[in-house]
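Peer 1: Enclosed is the structure file run.txt (compact mmCIF, C-alpha atoms).
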# COMPACT_ATOMS: atom_id res chain seq x y z
CA MET A 1 16.02 -39.35 19.53
CA LYS A 2 16.35 -41.22 16.25
CA ARG A 3 13.37 -42.03 14.12
CA ARG A 4 12.21 -45.62 13.87
CA PRO A 5 13.47 -47.19 10.62
CA GLU A 6 10.72 -47.86 8.08
CA TRP A 7 11.61 -51.56 7.90
CA LEU A 8 10.87 -52.03 11.63
CA THR A 9 7.31 -52.49 12.92
CA VAL A 10 6.57 -52.05 16.62
CA GLN A 11 3.38 -53.24 18.33
CA ALA A 12 2.99 -52.32 22.00
CA ASP A 13 0.51 -53.51 24.62
CA VAL A 14 0.23 -51.52 27.87
CA SER A 15 -1.33 -53.18 30.90
CA ALA A 16 -1.90 -52.00 34.48
CA VAL A 17 -0.77 -54.27 37.33
CA PRO A 18 -1.71 -53.59 40.98
CA LYS A 19 1.21 -53.23 43.39
CA ARG A 20 1.13 -53.42 47.20
CA GLN A 21 3.72 -51.87 49.50
CA ARG A 22 2.95 -53.79 52.69
CA PRO A 23 4.66 -57.15 53.17
CA ARG A 24 1.66 -58.69 54.92
CA CYS A 25 -1.09 -60.43 53.09
CA PRO A 26 -3.81 -57.81 52.41
CA ARG A 27 -7.54 -58.28 52.78
CA LYS A 28 -9.39 -59.39 49.71
CA ASP A 29 -11.40 -56.22 49.42
CA ALA A 30 -8.44 -53.81 50.11
CA PRO A 31 -7.50 -51.53 47.20
CA PRO A 32 -3.88 -51.70 45.86
CA ASP A 33 -1.35 -49.10 47.06
CA GLN A 34 -0.34 -48.18 43.52
CA MET A 35 -0.70 -49.29 39.90
CA GLU A 36 2.32 -50.23 37.76
CA ARG A 37 2.26 -50.09 34.01
CA ARG A 38 3.88 -52.87 32.05
CA ILE A 39 4.64 -52.56 28.36
CA LYS A 40 4.88 -55.62 26.17
CA ALA A 41 6.41 -54.78 22.78
CA THR A 42 6.62 -56.94 19.69
CA LEU A 43 9.16 -56.04 17.00
CA SER A 44 8.95 -57.32 13.44
CA VAL A 45 11.15 -56.69 10.41
CA THR A 46 9.75 -56.15 6.92
CA GLU A 47 12.05 -58.32 4.80
CA LEU A 48 11.13 -56.74 1.47
CA VAL A 49 12.11 -53.23 2.61
CA VAL A 50 15.38 -54.55 4.11
CA THR A 51 16.24 -56.30 0.82
CA VAL A 52 15.58 -53.15 -1.22
CA ARG A 53 17.70 -51.03 1.14
CA ALA A 54 20.56 -53.57 1.12
CA ARG A 55 20.61 -53.69 -2.69
CA ARG A 56 20.62 -49.91 -2.91
CA LYS A 57 23.58 -49.64 -0.48
CA ALA A 58 25.46 -52.43 -2.27
CA SER A 59 25.17 -50.76 -5.67
CA PHE A 60 28.02 -48.83 -7.28
CA LEU A 61 27.74 -46.21 -9.94
CA VAL A 62 31.07 -46.11 -11.75
CA ALA A 63 31.51 -44.24 -15.02
CA THR A 64 34.01 -45.14 -17.70
CA ASN A 65 34.73 -44.15 -21.27
CA VAL A 66 35.42 -47.78 -22.26
CA LEU A 67 32.06 -48.94 -23.59
CA ASP A 68 33.03 -52.36 -24.97
CA PRO A 69 32.30 -55.01 -22.29
CA ALA A 70 34.75 -57.41 -23.96
CA GLN A 71 37.58 -54.95 -23.43
CA PHE A 72 36.77 -54.11 -19.79
CA THR A 73 34.36 -56.36 -17.86
CA ASN A 74 32.29 -55.15 -14.91
CA GLN A 75 34.48 -57.13 -12.50
CA GLU A 76 37.67 -55.59 -13.90
CA LEU A 77 36.09 -52.14 -13.68
CA MET A 78 35.18 -52.66 -10.03
CA GLN A 79 38.65 -54.02 -9.25
CA ALA A 80 40.28 -50.96 -10.83
CA TYR A 81 37.93 -48.70 -8.87
CA LYS A 82 38.71 -50.44 -5.57
CA GLU A 83 42.48 -50.24 -6.19
CA GLN A 84 42.20 -46.47 -6.56
CA GLY A 85 42.64 -46.12 -2.78
CA SER A 86 46.25 -47.27 -2.95
CA VAL A 87 47.03 -44.54 -5.49
CA GLU A 88 45.34 -41.96 -3.27
CA ARG A 89 47.44 -43.13 -0.30
CA GLY A 90 50.54 -42.68 -2.43
CA ILE A 91 49.60 -39.11 -3.27
CA ALA A 92 48.97 -38.47 0.44
CA PHE A 93 52.47 -39.85 1.09
CA LEU A 94 53.93 -37.31 -1.34
CA LYS A 95 52.07 -34.46 0.40
CA ASP A 96 53.20 -35.57 3.85
CA PRO A 97 55.45 -33.09 5.71
CA LEU A 98 57.83 -35.95 6.51
CA PHE A 99 58.59 -36.17 2.80
CA LEU A 100 60.00 -32.60 3.01
CA ALA A 101 58.66 -31.70 -0.43
CA SER A 102 56.79 -28.67 0.88
CA SER A 103 60.09 -26.93 1.62
CA VAL A 104 61.06 -26.93 -2.09
CA PHE A 105 59.91 -23.97 -4.18
CA VAL A 106 60.35 -23.87 -7.95
CA ILE A 107 59.06 -21.44 -10.58
CA LYS A 108 60.27 -22.68 -13.95
CA PRO A 109 57.97 -25.20 -15.64
CA GLU A 110 60.90 -27.50 -16.46
CA ARG A 111 61.85 -27.67 -12.79
CA ILE A 112 58.25 -28.33 -11.76
CA VAL A 113 58.16 -31.26 -14.19
CA ALA A 114 61.53 -32.50 -12.92
CA LEU A 115 60.39 -32.26 -9.29
CA SER A 116 57.20 -34.15 -10.18
CA LEU A 117 59.24 -36.90 -11.83
CA VAL A 118 61.49 -37.17 -8.77
CA LYS A 119 58.42 -37.39 -6.53
CA LEU A 120 56.87 -40.10 -8.70
CA ALA A 121 60.14 -42.03 -8.69
CA CYS A 122 60.18 -41.79 -4.90
CA LEU A 123 56.58 -43.00 -4.79
CA LEU A 124 57.46 -45.92 -7.07
CA VAL A 125 60.37 -46.95 -4.85
CA TYR A 126 58.19 -46.56 -1.75
CA ARG A 127 55.36 -48.70 -3.19
CA LEU A 128 57.82 -51.38 -4.37
CA ALA A 129 59.47 -51.51 -0.93
CA GLU A 130 56.05 -51.76 0.75
CA ARG A 131 55.04 -54.55 -1.65
CA ARG A 132 58.28 -56.42 -1.01
CA LEU A 133 57.83 -56.07 2.76
CA ARG A 134 54.31 -57.47 2.53
CA GLU A 135 55.41 -60.32 0.26
CA ARG A 136 58.23 -61.27 2.67
CA LEU A 137 55.86 -61.23 5.63
CA ALA A 138 53.40 -63.42 3.73
CA ALA A 139 56.12 -65.84 2.60
CA THR A 140 57.47 -66.30 6.13
CA GLY A 141 54.05 -66.24 7.80
CA GLN A 142 55.03 -63.36 10.06
CA THR A 143 53.13 -60.23 11.05
CA ALA A 144 54.08 -56.71 12.05
CA PRO A 145 52.39 -54.45 14.61
CA SER A 146 49.96 -51.89 13.23
CA GLN A 147 49.26 -48.38 14.52
CA VAL A 148 46.77 -49.82 17.05
CA LYS A 149 49.33 -52.42 18.23
CA GLN A 150 47.49 -55.29 16.52
CA PRO A 151 49.36 -57.79 14.32
CA THR A 152 48.80 -57.23 10.61
CA GLU A 153 50.01 -59.00 7.48
CA ARG A 154 49.78 -55.80 5.41
CA PRO A 155 51.67 -53.06 7.29
CA MET A 156 52.26 -49.65 5.80
CA LEU A 157 55.90 -48.95 5.08
CA ARG A 158 55.55 -45.46 6.58
CA TRP A 159 54.53 -47.02 9.89
CA MET A 160 57.53 -49.35 9.72
CA PHE A 161 59.80 -46.32 9.11
CA LEU A 162 58.31 -44.53 12.10
CA SER A 163 58.79 -47.66 14.23
CA ILE A 164 62.43 -47.92 13.17
CA GLU A 165 62.93 -44.22 13.91
CA GLU A 166 61.43 -44.78 17.37
CA ILE A 167 63.88 -47.63 17.99
CA SER A 168 66.87 -45.61 16.80
CA SER A 169 65.90 -42.54 18.84
CA SER A 170 65.45 -44.62 21.99
CA ALA A 171 68.82 -46.28 21.34
CA SER A 172 70.54 -42.92 20.90
CA SER A 173 69.02 -41.55 24.11
CA ARG A 174 70.80 -44.17 26.23
CA PRO A 175 73.75 -42.84 28.21
CA THR A 176 77.02 -43.45 26.45
CA ALA A 177 80.12 -44.89 28.11
CA ARG A 178 82.59 -42.38 29.52
CA PRO A 179 85.94 -41.95 27.83
CA SER A 180 88.65 -44.17 29.24
CA MET A 181 90.79 -41.12 30.17
CA PRO A 182 90.10 -38.91 33.16
CA SER A 183 88.56 -35.52 32.37
CA GLN A 184 91.80 -33.60 33.06
CA ALA A 185 93.77 -35.79 30.68
CA TRP A 186 91.03 -35.34 28.07
CA SER A 187 91.13 -31.56 28.36
CA ARG A 188 94.97 -31.50 28.21
CA SER A 189 95.07 -33.66 25.11
CA THR A 190 92.47 -31.60 23.26
CA SER A 191 93.88 -28.19 24.20
CA ARG A 192 97.13 -28.65 22.24
Before anything else, please render the file you have as structure tokens.

Peer 2:
Amino acid sequence: MKRRPEWLTVQADVSAVPKRQRPRCPRKDAPPDQMERRIKATLSVTELVVTVRARRKASFLVATNVLDPAQFTNQELMQAYKEQGSVERGIAFLKDPLFLASSVFVIKPERIVALSLVKLACLLVYRLAERRLRERLAATGQTAPSQVKQPTERPMLRWMFLSIEEISSSASSRPTARPSMPSQAWSRSTSR
């Protein structure tokens, strides 16, 4: 069982209430069949403790080597910190097995640098395509389905690729039309 939070105060009052089992009206001097206990609880919140906790959870500690506030304001610093997630998602995209980069093995430092440049170029094209997709959806007021089948205005391009692949694989699994020639004619024409 969890501990009671320190910002919550509980006051309880326990009282005993007589309970009778028989449906008839009992005599005045008859003792009750059993005693029930009723608990009346009062909850109160200490606002000062809640405020201190909320401020502590809403605080960020972000370090930078730019010390001049005129060059980099606190708001710009926080914005740059919050945008870091998109870069991390891009690196995760490069490490994804669907990217097929894990199957490439290079030893020479020049080739490692070249492979890294190719990967970064791919990431740049991917991010630009994702940005363009999101801009087009915003301009037309349309949405796309997300992974949880909810409409979103900011879909991930990888999810769109997987959706397109799903469509193309279901289209290719449909039975194709038979050739116009009978099977014997087909085998005779190909055996020449």

Peer 1: From the set A:Asn65, A:Thr140, A:Gln11, A:Gln71, which residue has the shortest atom-to-atom contact distance to Val45 of chain A, counting all atoms listed in the file?

Peer 2: A:Gln11

Peer 1: Would you mind reading off the distance between atom CA of Glu165 of chain A and atom CA of Leu128 of chain A, one decimal, in Å?

Peer 2: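 According to the coordinates, atom CA of Glu165 of chain A and atom CA of Leu128 of chain A are separated by 20.3 Å.
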
Peer 1: Which residue, A:Thr143, A:Gln75, A:Ser116, A:Gln34, has the smallest gap to Val17 of chain A when you use all atoms listed in the file?

Peer 2: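 Closest candidate: A:Gln34.
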
Peer 1: Could you tell me how far atom CA of Asp13 of chain A lies from atom CA of Ala41 of chain A, in Å and to one decimal?

Peer 2: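 Between atom CA of Asp13 of chain A and atom CA of Ala41 of chain A the gap works out to 6.3 Å.
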
Peer 1: I'd like the box whose edges run along x, y and z of the file and which contains every listed atom of segment 150-164 of chain A, padded by 3 Å per side; could you state its centre and edge lengths in Å, one decimal, as JSON?

Peer 2:
{"center_x": 55.0, "center_y": -51.8, "center_z": 10.8, "size_x": 20.9, "size_y": 20.5, "size_z": 17.4}

Peer 1: What separation in Å, quoted to one decimal, exists between atom CA of Gln79 of chain A and atom CA of Gln142 of chain A?

Peer 2: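 Atom CA of Gln142 of chain A lies 27.0 Å from atom CA of Gln79 of chain A.
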
Peer 1: Find the spatial neighbours of Leu120 of chain A, counting all atoms listed in the file, within a cut-off of 12 Å - ignore same-chain residues fewer than 3 positions away - and output them as a short mmCIF file (atom, residue, chain, number, x, y, z; two decimals) with C-alpha atoms, keeping the file's coordinate frame.

Peer 2:
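Saved file out.cif follows:
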data_model
loop_
_atom_site.label_atom_id
_atom_site.label_comp_id
_atom_site.auth_asym_id
_atom_site.auth_seq_id
_atom_site.Cartn_x
_atom_site.Cartn_y
_atom_site.Cartn_z
CA VAL A 87 47.03 -44.54 -5.49
CA GLY A 90 50.54 -42.68 -2.43
CA ILE A 91 49.60 -39.11 -3.27
CA PHE A 93 52.47 -39.85 1.09
CA LEU A 94 53.93 -37.31 -1.34
CA LYS A 95 52.07 -34.46 0.40
CA ALA A 101 58.66 -31.70 -0.43
CA VAL A 113 58.16 -31.26 -14.19
CA ALA A 114 61.53 -32.50 -12.92
CA LEU A 115 60.39 -32.26 -9.29
CA SER A 116 57.20 -34.15 -10.18
CA LEU A 117 59.24 -36.90 -11.83
CA LEU A 123 56.58 -43.00 -4.79
CA LEU A 124 57.46 -45.92 -7.07
CA VAL A 125 60.37 -46.95 -4.85
CA TYR A 126 58.19 -46.56 -1.75
CA ARG A 127 55.36 -48.70 -3.19
#

Peer 1: Return the single residue from A:Thr73, A:Leu137, A:Glu110, A:Arg38 that is closest to Pro151 of chain A, with distances computed using all atoms listed in the file.

Peer 2: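 Closest to Pro151 of chain A, using all atoms listed in the file: A:Leu137.
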
Peer 1: Please provide as an mmCIF file with C-alpha atoms, in the coordinates of the input all residues within 12 Å of Gln21 of chain A, with the sequence filter that same-chain residues fewer than 2 positions apart are discarded (counting all atoms listed in the file).

Peer 2:
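New file result33.cif:
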data_model
loop_
_atom_site.group_PDB
_atom_site.id
_atom_site.type_symbol
_atom_site.label_atom_id
_atom_site.label_comp_id
_atom_site.auth_asym_id
_atom_site.auth_seq_id
_atom_site.Cartn_x
_atom_site.Cartn_y
_atom_site.Cartn_z
ATOM 1 C CA PRO A 18 -1.710 -53.590 40.980
ATOM 2 C CA LYS A 19 1.210 -53.230 43.390
ATOM 3 C CA PRO A 23 4.660 -57.150 53.170
ATOM 4 C CA ARG A 24 1.660 -58.690 54.920
ATOM 5 C CA CYS A 25 -1.090 -60.430 53.090
ATOM 6 C CA PRO A 26 -3.810 -57.810 52.410
ATOM 7 C CA PRO A 31 -7.500 -51.530 47.200
ATOM 8 C CA PRO A 32 -3.880 -51.700 45.860
ATOM 9 C CA ASP A 33 -1.350 -49.100 47.060
ATOM 10 C CA GLN A 34 -0.340 -48.180 43.520
ATOM 11 C CA MET A 35 -0.700 -49.290 39.900
ATOM 12 C CA GLU A 36 2.320 -50.230 37.760
#

Peer 1: Which residues come within 9 Å of Arg154 of chain A, counting all atoms listed in the file, excluding same-chain residues fewer than 3 positions away, as a list in words?

Peer 2: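 Listing them by chain and then by number gives Glu130, Arg131, Leu133, Arg134, Glu135, Leu137, Ala138, Thr143, Ala144 and Ser146 of chain A.
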
Peer 1: Which one is closest to Ala16 of chain A: A:Lys28, A:Lys2, A:Lys40, A:Lys57? Count only C-alpha atoms.

Peer 2: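 Of A:Lys28, A:Lys2, A:Lys40, A:Lys57, the one nearest Ala16 of chain A, counting only C-alpha atoms, is A:Lys40.
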